[in-house]
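Asker: The structure's right below; bear with me while I get my questions together.
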Amino acid sequence: MTGGAVAMASMTDPDRIWSEAALRLRAEIGEGPFSSYIAPSAVRVDGAGQLVLVTPTAYARDWVRKNVLRRMNELWLGLDGLNRRLDVRCRAEVGSVPPASAVTAQIPVSGAQMTAVAPVTDGARAVRAAGLQERLTFDSFVEGEGNAFALAIARQTASWADGHFNPIFFCGPYGYGKTHLLNAVAWEAQRLRPDAKVVYLTAERFLSTFVKAMQDRSTAAFKESLRGADMLLLDDVQFVGGKASTQEELLSTLTALIEDGKRIVLSGDRPPMAMTEIEPRLRSHLAAGLTCPVEPGGRELKLAVARNRLSALARLGVVVGEARPEVLERVVDRTPGSMRELEGAVNTLAAAAGRRLSELTVDEAQALLGAALRGGPERRITVDEIQKTVAEHFALKQADLLSERRTRSVARPRQVAMYLCKQHTTRSYPDIGRRFGGRDHTTVLHGVRKIEELLVSDEQIARDVEALTRKLRG
């Protein structure tokens with residue numbers, strides 16, 4: 001075993017181990033499955049000290065168990081100096097399980113105690129910060145021409161400065177830093193005022209929690225939990241479009257917080273007044289403060305993001321060389337999508353090359369990345385392409401998928417198409433619904449979840465989705 005392998009095998013910090021194991025797993029299973037099932041998951045520790053990979057849904061948990069859990073543990077055991085194993089559970093099963101890094105202070109490393117204190121550590125605030133990602137801070141955010149103004153406003157908001165605009169609304173395309181800014185604001189605001197109640201939610205989580213509160217007849221507790229916040233951060237607010245009762249509740253929440261002088265930070269894929277699926281009164285409140293665009297960065301910003309990602313991997317203990325400038329330039333030029341896609345390409349290259357990264361030529365890097373570098377704007381999968389491909393696969397017309405027909409022979413392919421749109425495009429549920437004959441976003445959500453269930457129990461649906469995915473990627 002080489003010195004590097006020995007060092008890697010003696011790691012005990014679960015976050016570092018997971019970072020390295022996930023990189024290797026990504027290279028083995030491919031970007032699509034990794035992004036769908038592994039990337040949204042996180043390693044936590046339960047009350048008995050068991051390390052658990054927490055997935056967002058039961059379907060993702062079942063997919064991991066069936067397809068990659070054994071390999072995941074092989075990678076983990078090869079890196080973990082304490083020979084622990086990973087279990088996998090969904091978020092609903094574990095509740096507010098703390099991050100694995102929160103218990104690493106108890107693990108001796110080289111005769112000393114490793115200190116790893118999460119930004120929010122006590123029980124109540126840990127629950128409020130459950131949706132935050134620890135790596136998304138101001139320190140890891142790369143500033144550029146397209147986001148400099150938004151970053152300055154985010155820092156000002158996080159400092160609790162007096163006289164700021166309220167609410168703050170960050171808007172822009174998917175994958176260019178809105179979620180990063182909201183996470184960074186939450187972490188910094190909580191650090192500066194530890195006793196403040198900082199609440200971060202995605203709009204999807206707001207919707208699902210509100211619906212459950214209505215079902216459980218606990219709406220009063222739901223309202224109190226949000227209206228008692230000193231700062232509320234709501235991500236991807238366009239998701240509430242088309243849902244009247246949820247919009248009404250959100251409007252009431254925002255009104256109450258603003259009247260009490262509390263801080264509100266929101267994000268969406270468009271400026272508030274362009275969200276025509278949201279009712280006018282709520283749109284007016286969303287636009288009443290300051291709207292900050294987060295725009296796609298130029299080439300220099302993308303190069304800085306790529307270099308920053310390599311540095312972050314090195315800090316996490318991933319054995320990786322320093323890439324040649326021309327290699328990173330090729331990665332940037334041939335990864336025209338969002339910053340998330342660029343970071344994914346850098347992760348894949350680092351996992352595949354390791355120490356050899358500094359020796360790679362442009363051609364060798366392109367060969368290692370394969371399909372990740374063959375992309376381009378013309379390769380991006382569209383809703384229209386998905387509809388045509390699904391219609392052809394099921395011997396239908398594209399118009400059938402957009403029609404009001406509800407027979408099983410049309411309804412199920414329509415749900416498959418909706419599922420594929422959510423998997424392979426950046427379109428929101430309301431936007432997908434509009435493109436399927438003006439359907440409500442709840443219809444799309446139901447269709448997506450139905451296919452997720454059938455993928456586990458119906459072999460024919462699983463084969464159809466797999467075949468369609470290959471066609472779309474090909």
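Labels for the structure tokens follow display order: chains A, B, ..., residues from 1 in each chain, ligands from 1.
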Can you tell me, as number ranges by chain, which residues in region 351-452 of chain A count as helix (DSSP H, G or I) by DSSP?

Answerer: A: 351-359, 362-373, 377-379, 383-393, 398-402, 408-424, 429-435, 441-452

Asker: For Arg205 (chain A), which residue out of A:Ala391, A:Leu182, A:Leu396, A:Val237 is the nearest one, using only C-alpha atoms?

Answerer: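 Among the listed residues, A:Val237 lies closest to Arg205 (chain A).
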
Asker: Quick one: residues within 10 Å of region 161-169 of chain A, only C-alpha atoms counted, chain neighbours fewer than 5 positions away excluded, as an MDAnalysis selection string?

Answerer: chainID A and resid 150 153:156 178 232:235 237 254 257:258 261:268 270:272 285:293

Asker: I need the residue nearest Arg309 (chain A) from this list: A:Leu181, A:Leu328, A:Ile381, A:Ala158. Use only C-alpha atoms for the distance.

Answerer: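 For Arg309 (chain A), the nearest of the candidates is A:Leu328.
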
Asker: From the options A:Lys422, A:Asp80, A:Gly437, A:Pro296, which residue's atoms come nearest to Leu401 (chain A), counting only C-alpha atoms?

Answerer: A:Gly437

Asker: Need the shell around Ala42 (chain A): protein/DNA/RNA residues with any atom at most 10 Å away, counting only C-alpha atoms. Skip same-chain ones fewer than 3 positions apart. Format as a PDB file with N, CA, C and O atoms, in the first residue's frame?

Answerer:
```pdb
ATOM      1  N   ASP A  15     -17.097  13.117   7.264  1.00  0.00           N
ATOM      2  CA  ASP A  15     -17.297  14.030   6.137  1.00  0.00           C
ATOM      3  C   ASP A  15     -16.211  13.853   5.088  1.00  0.00           C
ATOM      4  O   ASP A  15     -16.479  13.838   3.881  1.00  0.00           O
ATOM      5  N   TRP A  18     -16.711  10.426   3.384  1.00  0.00           N
ATOM      6  CA  TRP A  18     -17.844  10.434   2.469  1.00  0.00           C
ATOM      7  C   TRP A  18     -17.502  11.223   1.207  1.00  0.00           C
ATOM      8  O   TRP A  18     -17.882  10.834   0.106  1.00  0.00           O
ATOM      9  N   ILE A  38     -27.658  10.033  -5.019  1.00  0.00           N
ATOM     10  CA  ILE A  38     -26.588  10.145  -4.035  1.00  0.00           C
ATOM     11  C   ILE A  38     -26.330  11.590  -3.629  1.00  0.00           C
ATOM     12  O   ILE A  38     -26.218  11.899  -2.439  1.00  0.00           O
ATOM     13  N   ALA A  39     -26.257  12.492  -4.607  1.00  0.00           N
ATOM     14  CA  ALA A  39     -25.913  13.885  -4.310  1.00  0.00           C
ATOM     15  C   ALA A  39     -26.856  14.547  -3.297  1.00  0.00           C
ATOM     16  O   ALA A  39     -26.390  15.303  -2.435  1.00  0.00           O
ATOM     17  N   VAL A  52     -25.245   6.780   9.154  1.00  0.00           N
ATOM     18  CA  VAL A  52     -26.393   6.559   8.297  1.00  0.00           C
ATOM     19  C   VAL A  52     -26.318   7.505   7.097  1.00  0.00           C
ATOM     20  O   VAL A  52     -26.080   8.705   7.263  1.00  0.00           O
ATOM     21  N   LEU A  53     -26.507   6.946   5.897  1.00  0.00           N
ATOM     22  CA  LEU A  53     -26.695   7.785   4.729  1.00  0.00           C
ATOM     23  C   LEU A  53     -28.183   8.121   4.669  1.00  0.00           C
ATOM     24  O   LEU A  53     -29.018   7.231   4.500  1.00  0.00           O
ATOM     25  N   VAL A  54     -28.512   9.399   4.818  1.00  0.00           N
ATOM     26  CA  VAL A  54     -29.910   9.834   4.857  1.00  0.00           C
ATOM     27  C   VAL A  54     -30.303  10.334   3.473  1.00  0.00           C
ATOM     28  O   VAL A  54     -29.738  11.304   2.962  1.00  0.00           O
ATOM     29  N   THR A  55     -31.261   9.653   2.864  1.00  0.00           N
ATOM     30  CA  THR A  55     -31.741  10.029   1.532  1.00  0.00           C
ATOM     31  C   THR A  55     -33.000  10.885   1.667  1.00  0.00           C
ATOM     32  O   THR A  55     -33.718  10.785   2.667  1.00  0.00           O
ATOM     33  N   PRO A  56     -33.293  11.728   0.668  1.00  0.00           N
ATOM     34  CA  PRO A  56     -34.478  12.595   0.789  1.00  0.00           C
ATOM     35  C   PRO A  56     -35.799  11.856   0.706  1.00  0.00           C
ATOM     36  O   PRO A  56     -36.794  12.319   1.241  1.00  0.00           O
ATOM     37  N   VAL A  88     -28.459   2.868   5.435  1.00  0.00           N
ATOM     38  CA  VAL A  88     -29.148   3.880   4.637  1.00  0.00           C
ATOM     39  C   VAL A  88     -30.598   3.950   5.079  1.00  0.00           C
ATOM     40  O   VAL A  88     -31.259   2.925   5.252  1.00  0.00           O
ATOM     41  N   ARG A  91     -35.206  10.316   4.969  1.00  0.00           N
ATOM     42  CA  ARG A  91     -35.304  11.415   5.922  1.00  0.00           C
ATOM     43  C   ARG A  91     -36.479  11.246   6.879  1.00  0.00           C
ATOM     44  O   ARG A  91     -36.387  11.577   8.054  1.00  0.00           O
ATOM     45  N   PRO A  99     -25.476  15.927  11.930  1.00  0.00           N
ATOM     46  CA  PRO A  99     -24.431  15.594  10.966  1.00  0.00           C
ATOM     47  C   PRO A  99     -23.386  14.688  11.577  1.00  0.00           C
ATOM     48  O   PRO A  99     -23.095  14.767  12.767  1.00  0.00           O
ATOM     49  N   ALA A 100     -22.804  13.805  10.754  1.00  0.00           N
ATOM     50  CA  ALA A 100     -21.774  12.904  11.258  1.00  0.00           C
ATOM     51  C   ALA A 100     -20.612  13.680  11.826  1.00  0.00           C
ATOM     52  O   ALA A 100     -19.985  13.270  12.803  1.00  0.00           O
ATOM     53  N   GLN A 133     -26.670  23.160   3.791  1.00  0.00           N
ATOM     54  CA  GLN A 133     -25.483  22.401   3.416  1.00  0.00           C
ATOM     55  C   GLN A 133     -24.257  23.100   3.989  1.00  0.00           C
ATOM     56  O   GLN A 133     -24.030  24.285   3.722  1.00  0.00           O
TER      57      GLN A 133
END
```

Asker: What separation in Å, quoted to one decimal, exists between CA of Asn183 (chain A) and CA of Tyr200 (chain A)?

Answerer: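 Between these atoms lies a distance of 7.9 Å.
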
Asker: Report, in Å with one decimal, the straight-line distance from CA of Val64 (chain A) to CA of Leu51 (chain A).

Answerer: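 Calculated distance between CA of Val64 (chain A) and CA of Leu51 (chain A) is 15.2 Å.
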
Asker: Expressed in Å to a single decimal, how great is the separation between CA of Gly228 (chain A) and CA of Ser252 (chain A)?

Answerer: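 These two atoms are separated by 13.1 Å.
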
Asker: Could you tell me which of A:Glu259, A:Asp46, A:Asp230, A:Glu248 comes closest to Glu279 (chain A) if we count only C-alpha atoms?

Answerer: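 Between A:Glu259, A:Asp46, A:Asp230, A:Glu248, the residue approaching Glu279 (chain A) most closely is A:Glu248.
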
Asker: Select, from A:Ile29, A:Leu136, A:Glu204, A:Thr253, the residue with the minimum atom-to-atom distance to Ala220 (chain A), counting only C-alpha atoms.

Answerer: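 Among the listed residues, the smallest separation from Ala220 (chain A) belongs to A:Thr253.
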
Asker: From the set A:Asp236, A:Glu74, A:Glu143, A:Asp333, which residue has the shortest atom-to-atom contact distance to Thr179 (chain A), counting only C-alpha atoms?

Answerer: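 Smallest distance to Thr179 (chain A) is found for A:Asp236.
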
Asker: Excluding same-chain residues fewer than 4 positions from Phe222 (chain A), what lies within 12 Å of it counting only C-alpha atoms, as a PDB file with all heavy atoms, in the first residue's frame?

Answerer:
```pdb
ATOM      1  N   PHE A 206     -41.848  23.950   2.390  1.00  0.00           N
ATOM      2  CA  PHE A 206     -42.910  24.794   2.939  1.00  0.00           C
ATOM      3  C   PHE A 206     -44.278  24.234   2.554  1.00  0.00           C
ATOM      4  O   PHE A 206     -45.171  24.100   3.393  1.00  0.00           O
ATOM      5  CB  PHE A 206     -42.745  26.217   2.410  1.00  0.00           C
ATOM      6  CG  PHE A 206     -43.794  27.185   2.898  1.00  0.00           C
ATOM      7  CD1 PHE A 206     -43.580  27.972   4.019  1.00  0.00           C
ATOM      8  CD2 PHE A 206     -45.011  27.325   2.227  1.00  0.00           C
ATOM      9  CE1 PHE A 206     -44.541  28.861   4.468  1.00  0.00           C
ATOM     10  CE2 PHE A 206     -45.978  28.209   2.663  1.00  0.00           C
ATOM     11  CZ  PHE A 206     -45.744  28.984   3.792  1.00  0.00           C
ATOM     12  N   LEU A 207     -44.409  23.875   1.270  1.00  0.00           N
ATOM     13  CA  LEU A 207     -45.680  23.346   0.774  1.00  0.00           C
ATOM     14  C   LEU A 207     -46.036  22.033   1.457  1.00  0.00           C
ATOM     15  O   LEU A 207     -47.141  21.871   1.979  1.00  0.00           O
ATOM     16  CB  LEU A 207     -45.604  23.154  -0.733  1.00  0.00           C
ATOM     17  CG  LEU A 207     -46.752  22.382  -1.403  1.00  0.00           C
ATOM     18  CD1 LEU A 207     -48.064  23.095  -1.175  1.00  0.00           C
ATOM     19  CD2 LEU A 207     -46.484  22.209  -2.889  1.00  0.00           C
ATOM     20  N   SER A 208     -45.087  21.079   1.469  1.00  0.00           N
ATOM     21  CA  SER A 208     -45.389  19.756   2.021  1.00  0.00           C
ATOM     22  C   SER A 208     -45.661  19.836   3.520  1.00  0.00           C
ATOM     23  O   SER A 208     -46.545  19.130   4.038  1.00  0.00           O
ATOM     24  CB  SER A 208     -44.236  18.790   1.741  1.00  0.00           C
ATOM     25  OG  SER A 208     -43.037  19.230   2.352  1.00  0.00           O
ATOM     26  N   THR A 209     -44.940  20.691   4.236  1.00  0.00           N
ATOM     27  CA  THR A 209     -45.149  20.830   5.678  1.00  0.00           C
ATOM     28  C   THR A 209     -46.502  21.472   5.970  1.00  0.00           C
ATOM     29  O   THR A 209     -47.213  21.080   6.902  1.00  0.00           O
ATOM     30  CB  THR A 209     -44.024  21.666   6.306  1.00  0.00           C
ATOM     31  OG1 THR A 209     -42.762  21.108   5.953  1.00  0.00           O
ATOM     32  CG2 THR A 209     -44.144  21.680   7.825  1.00  0.00           C
ATOM     33  N   PHE A 210     -46.862  22.444   5.154  1.00  0.00           N
ATOM     34  CA  PHE A 210     -48.158  23.106   5.331  1.00  0.00           C
ATOM     35  C   PHE A 210     -49.306  22.137   5.066  1.00  0.00           C
ATOM     36  O   PHE A 210     -50.280  22.083   5.821  1.00  0.00           O
ATOM     37  CB  PHE A 210     -48.247  24.318   4.404  1.00  0.00           C
ATOM     38  CG  PHE A 210     -49.577  25.018   4.445  1.00  0.00           C
ATOM     39  CD1 PHE A 210     -50.080  25.523   5.623  1.00  0.00           C
ATOM     40  CD2 PHE A 210     -50.326  25.166   3.280  1.00  0.00           C
ATOM     41  CE1 PHE A 210     -51.310  26.173   5.659  1.00  0.00           C
ATOM     42  CE2 PHE A 210     -51.556  25.800   3.300  1.00  0.00           C
ATOM     43  CZ  PHE A 210     -52.052  26.312   4.497  1.00  0.00           C
ATOM     44  N   VAL A 211     -49.183  21.358   4.001  1.00  0.00           N
ATOM     45  CA  VAL A 211     -50.224  20.372   3.676  1.00  0.00           C
ATOM     46  C   VAL A 211     -50.371  19.356   4.811  1.00  0.00           C
ATOM     47  O   VAL A 211     -51.480  19.011   5.228  1.00  0.00           O
ATOM     48  CB  VAL A 211     -49.908  19.674   2.343  1.00  0.00           C
ATOM     49  CG1 VAL A 211     -50.847  18.482   2.128  1.00  0.00           C
ATOM     50  CG2 VAL A 211     -50.020  20.649   1.178  1.00  0.00           C
ATOM     51  N   LYS A 212     -49.228  18.891   5.331  1.00  0.00           N
ATOM     52  CA  LYS A 212     -49.277  17.920   6.429  1.00  0.00           C
ATOM     53  C   LYS A 212     -49.897  18.550   7.683  1.00  0.00           C
ATOM     54  O   LYS A 212     -50.662  17.902   8.401  1.00  0.00           O
ATOM     55  CB  LYS A 212     -47.877  17.406   6.750  1.00  0.00           C
ATOM     56  CG  LYS A 212     -47.867  16.254   7.756  1.00  0.00           C
ATOM     57  CD  LYS A 212     -46.463  15.700   7.946  1.00  0.00           C
ATOM     58  CE  LYS A 212     -46.488  14.419   8.784  1.00  0.00           C
ATOM     59  NZ  LYS A 212     -47.124  14.621  10.091  1.00  0.00           N
ATOM     60  N   ALA A 213     -49.583  19.819   7.931  1.00  0.00           N
ATOM     61  CA  ALA A 213     -50.162  20.503   9.087  1.00  0.00           C
ATOM     62  C   ALA A 213     -51.677  20.600   8.961  1.00  0.00           C
ATOM     63  O   ALA A 213     -52.408  20.435   9.944  1.00  0.00           O
ATOM     64  CB  ALA A 213     -49.542  21.891   9.225  1.00  0.00           C
ATOM     65  N   MET A 214     -52.158  20.853   7.749  1.00  0.00           N
ATOM     66  CA  MET A 214     -53.616  20.892   7.542  1.00  0.00           C
ATOM     67  C   MET A 214     -54.228  19.517   7.766  1.00  0.00           C
ATOM     68  O   MET A 214     -55.293  19.394   8.386  1.00  0.00           O
ATOM     69  CB  MET A 214     -53.931  21.403   6.137  1.00  0.00           C
ATOM     70  CG  MET A 214     -53.654  22.882   5.941  1.00  0.00           C
ATOM     71  SD  MET A 214     -54.415  23.548   4.427  1.00  0.00           S
ATOM     72  CE  MET A 214     -53.533  22.605   3.181  1.00  0.00           C
ATOM     73  N   GLN A 215     -53.555  18.479   7.266  1.00  0.00           N
ATOM     74  CA  GLN A 215     -54.068  17.122   7.448  1.00  0.00           C
ATOM     75  C   GLN A 215     -54.092  16.732   8.922  1.00  0.00           C
ATOM     76  O   GLN A 215     -55.017  16.059   9.393  1.00  0.00           O
ATOM     77  CB  GLN A 215     -53.215  16.137   6.655  1.00  0.00           C
ATOM     78  CG  GLN A 215     -53.335  16.310   5.153  1.00  0.00           C
ATOM     79  CD  GLN A 215     -52.334  15.476   4.382  1.00  0.00           C
ATOM     80  OE1 GLN A 215     -51.339  14.994   4.940  1.00  0.00           O
ATOM     81  NE2 GLN A 215     -52.574  15.295   3.094  1.00  0.00           N
ATOM     82  N   ASP A 216     -53.068  17.163   9.668  1.00  0.00           N
ATOM     83  CA  ASP A 216     -52.961  16.823  11.088  1.00  0.00           C
ATOM     84  C   ASP A 216     -53.693  17.818  11.987  1.00  0.00           C
ATOM     85  O   ASP A 216     -53.654  17.690  13.213  1.00  0.00           O
ATOM     86  CB  ASP A 216     -51.485  16.769  11.505  1.00  0.00           C
ATOM     87  CG  ASP A 216     -50.720  15.682  10.786  1.00  0.00           C
ATOM     88  OD1 ASP A 216     -51.372  14.778  10.240  1.00  0.00           O
ATOM     89  OD2 ASP A 216     -49.478  15.741  10.770  1.00  0.00           O
ATOM     90  N   ARG A 217     -54.304  18.829  11.379  1.00  0.00           N
ATOM     91  CA  ARG A 217     -54.997  19.879  12.127  1.00  0.00           C
ATOM     92  C   ARG A 217     -54.044  20.570  13.102  1.00  0.00           C
ATOM     93  O   ARG A 217     -54.391  20.848  14.259  1.00  0.00           O
ATOM     94  CB  ARG A 217     -56.206  19.323  12.856  1.00  0.00           C
ATOM     95  CG  ARG A 217     -57.255  18.750  11.905  1.00  0.00           C
ATOM     96  CD  ARG A 217     -58.480  18.253  12.626  1.00  0.00           C
ATOM     97  NE  ARG A 217     -59.468  17.735  11.699  1.00  0.00           N
ATOM     98  CZ  ARG A 217     -60.630  17.214  12.053  1.00  0.00           C
ATOM     99  NH1 ARG A 217     -60.971  17.161  13.341  1.00  0.00           N
ATOM    100  NH2 ARG A 217     -61.472  16.755  11.138  1.00  0.00           N
ATOM    101  N   SER A 218     -52.829  20.842  12.609  1.00  0.00           N
ATOM    102  CA  SER A 218     -51.819  21.494  13.451  1.00  0.00           C
ATOM    103  C   SER A 218     -51.296  22.754  12.779  1.00  0.00           C
ATOM    104  O   SER A 218     -50.120  23.092  12.893  1.00  0.00           O
ATOM    105  CB  SER A 218     -50.656  20.531  13.728  1.00  0.00           C
ATOM    106  OG  SER A 218     -50.051  20.095  12.515  1.00  0.00           O
ATOM    107  N   LEU A 226     -42.976  29.411  12.059  1.00  0.00           N
ATOM    108  CA  LEU A 226     -42.408  30.312  11.057  1.00  0.00           C
ATOM    109  C   LEU A 226     -42.500  31.771  11.485  1.00  0.00           C
ATOM    110  O   LEU A 226     -41.555  32.542  11.291  1.00  0.00           O
ATOM    111  CB  LEU A 226     -43.123  30.119   9.721  1.00  0.00           C
ATOM    112  CG  LEU A 226     -42.924  28.770   9.030  1.00  0.00           C
ATOM    113  CD1 LEU A 226     -43.641  28.763   7.691  1.00  0.00           C
ATOM    114  CD2 LEU A 226     -41.448  28.467   8.820  1.00  0.00           C
ATOM    115  N   ARG A 227     -43.607  32.157  12.067  1.00  0.00           N
ATOM    116  CA  ARG A 227     -43.793  33.572  12.412  1.00  0.00           C
ATOM    117  C   ARG A 227     -42.988  33.980  13.633  1.00  0.00           C
ATOM    118  O   ARG A 227     -42.884  35.166  13.940  1.00  0.00           O
ATOM    119  CB  ARG A 227     -45.284  33.873  12.590  1.00  0.00           C
ATOM    120  CG  ARG A 227     -46.045  33.617  11.295  1.00  0.00           C
ATOM    121  CD  ARG A 227     -47.519  33.904  11.376  1.00  0.00           C
ATOM    122  NE  ARG A 227     -48.185  33.408  10.179  1.00  0.00           N
ATOM    123  CZ  ARG A 227     -49.461  33.584   9.908  1.00  0.00           C
ATOM    124  NH1 ARG A 227     -50.231  34.258  10.749  1.00  0.00           N
ATOM    125  NH2 ARG A 227     -49.991  33.085   8.803  1.00  0.00           N
ATOM    126  N   GLY A 228     -42.425  33.007  14.319  1.00  0.00           N
ATOM    127  CA  GLY A 228     -41.519  33.320  15.431  1.00  0.00           C
ATOM    128  C   GLY A 228     -40.086  33.467  14.975  1.00  0.00           C
ATOM    129  O   GLY A 228     -39.183  33.685  15.792  1.00  0.00           O
ATOM    130  N   ALA A 229     -39.831  33.372  13.673  1.00  0.00           N
ATOM    131  CA  ALA A 229     -38.464  33.458  13.155  1.00  0.00           C
ATOM    132  C   ALA A 229     -37.968  34.899  13.185  1.00  0.00           C
ATOM    133  O   ALA A 229     -38.721  35.844  12.942  1.00  0.00           O
ATOM    134  CB  ALA A 229     -38.406  32.921  11.729  1.00  0.00           C
ATOM    135  N   GLU A 249     -51.191  31.235   2.672  1.00  0.00           N
ATOM    136  CA  GLU A 249     -50.449  31.060   3.921  1.00  0.00           C
ATOM    137  C   GLU A 249     -49.087  31.749   3.860  1.00  0.00           C
ATOM    138  O   GLU A 249     -48.653  32.382   4.823  1.00  0.00           O
ATOM    139  CB  GLU A 249     -50.276  29.573   4.229  1.00  0.00           C
ATOM    140  CG  GLU A 249     -49.469  29.282   5.490  1.00  0.00           C
ATOM    141  CD  GLU A 249     -50.067  29.929   6.730  1.00  0.00           C
ATOM    142  OE1 GLU A 249     -51.311  30.073   6.787  1.00  0.00           O
ATOM    143  OE2 GLU A 249     -49.296  30.302   7.625  1.00  0.00           O
ATOM    144  N   LEU A 250     -48.410  31.643   2.718  1.00  0.00           N
ATOM    145  CA  LEU A 250     -47.116  32.307   2.569  1.00  0.00           C
ATOM    146  C   LEU A 250     -47.282  33.821   2.652  1.00  0.00           C
ATOM    147  O   LEU A 250     -46.479  34.511   3.299  1.00  0.00           O
ATOM    148  CB  LEU A 250     -46.471  31.909   1.244  1.00  0.00           C
ATOM    149  CG  LEU A 250     -45.121  32.575   0.926  1.00  0.00           C
ATOM    150  CD1 LEU A 250     -44.106  32.315   2.031  1.00  0.00           C
ATOM    151  CD2 LEU A 250     -44.583  32.076  -0.418  1.00  0.00           C
ATOM    152  N   THR A 253     -47.749  34.766   6.214  1.00  0.00           N
ATOM    153  CA  THR A 253     -46.481  34.633   6.948  1.00  0.00           C
ATOM    154  C   THR A 253     -45.569  35.814   6.669  1.00  0.00           C
ATOM    155  O   THR A 253     -44.987  36.416   7.584  1.00  0.00           O
ATOM    156  CB  THR A 253     -45.783  33.318   6.564  1.00  0.00           C
ATOM    157  OG1 THR A 253     -46.603  32.213   6.945  1.00  0.00           O
ATOM    158  CG2 THR A 253     -44.439  33.202   7.270  1.00  0.00           C
TER     159      THR A 253
END
```

Asker: If we count only C-alpha atoms and set the cut-off at 7 Å, which residues sit around Val362 (chain A), ignoring sequence neighbours fewer than 5 positions away in its own chain? Please answer as a PyMOL selection string.

Answerer: chain A and resi 326-327+330

Asker: Now that the selection is made, can you save its residues with N, CA, C and O atoms as a short mmCIF file (atom, residue, chain, number, x, y, z; two decimals), in the first residue's frame?

Answerer:
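So part.cif came out as:
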```cif
data_model
loop_
_atom_site.label_atom_id
_atom_site.label_comp_id
_atom_site.auth_asym_id
_atom_site.auth_seq_id
_atom_site.Cartn_x
_atom_site.Cartn_y
_atom_site.Cartn_z
N GLU A 326 -4.68 24.80 -19.28
CA GLU A 326 -5.38 24.48 -20.53
C GLU A 326 -6.39 23.36 -20.34
O GLU A 326 -7.40 23.30 -21.07
N VAL A 327 -6.16 22.48 -19.36
CA VAL A 327 -7.14 21.42 -19.08
C VAL A 327 -8.41 22.02 -18.48
O VAL A 327 -9.53 21.69 -18.89
N ARG A 330 -10.42 23.79 -21.06
CA ARG A 330 -11.21 22.89 -21.90
C ARG A 330 -12.47 22.42 -21.17
O ARG A 330 -13.56 22.36 -21.76
#
```

Asker: For Glu188 (chain A), list every protein, DNA or RNA residue within 9 Å, evaluated using only C-alpha atoms, and leave out those in the same chain fewer than 4 positions away; present the list as a PyMOL selection string.

Answerer: chain A and resi 119+137-138+155+158-159+183-184+192-193
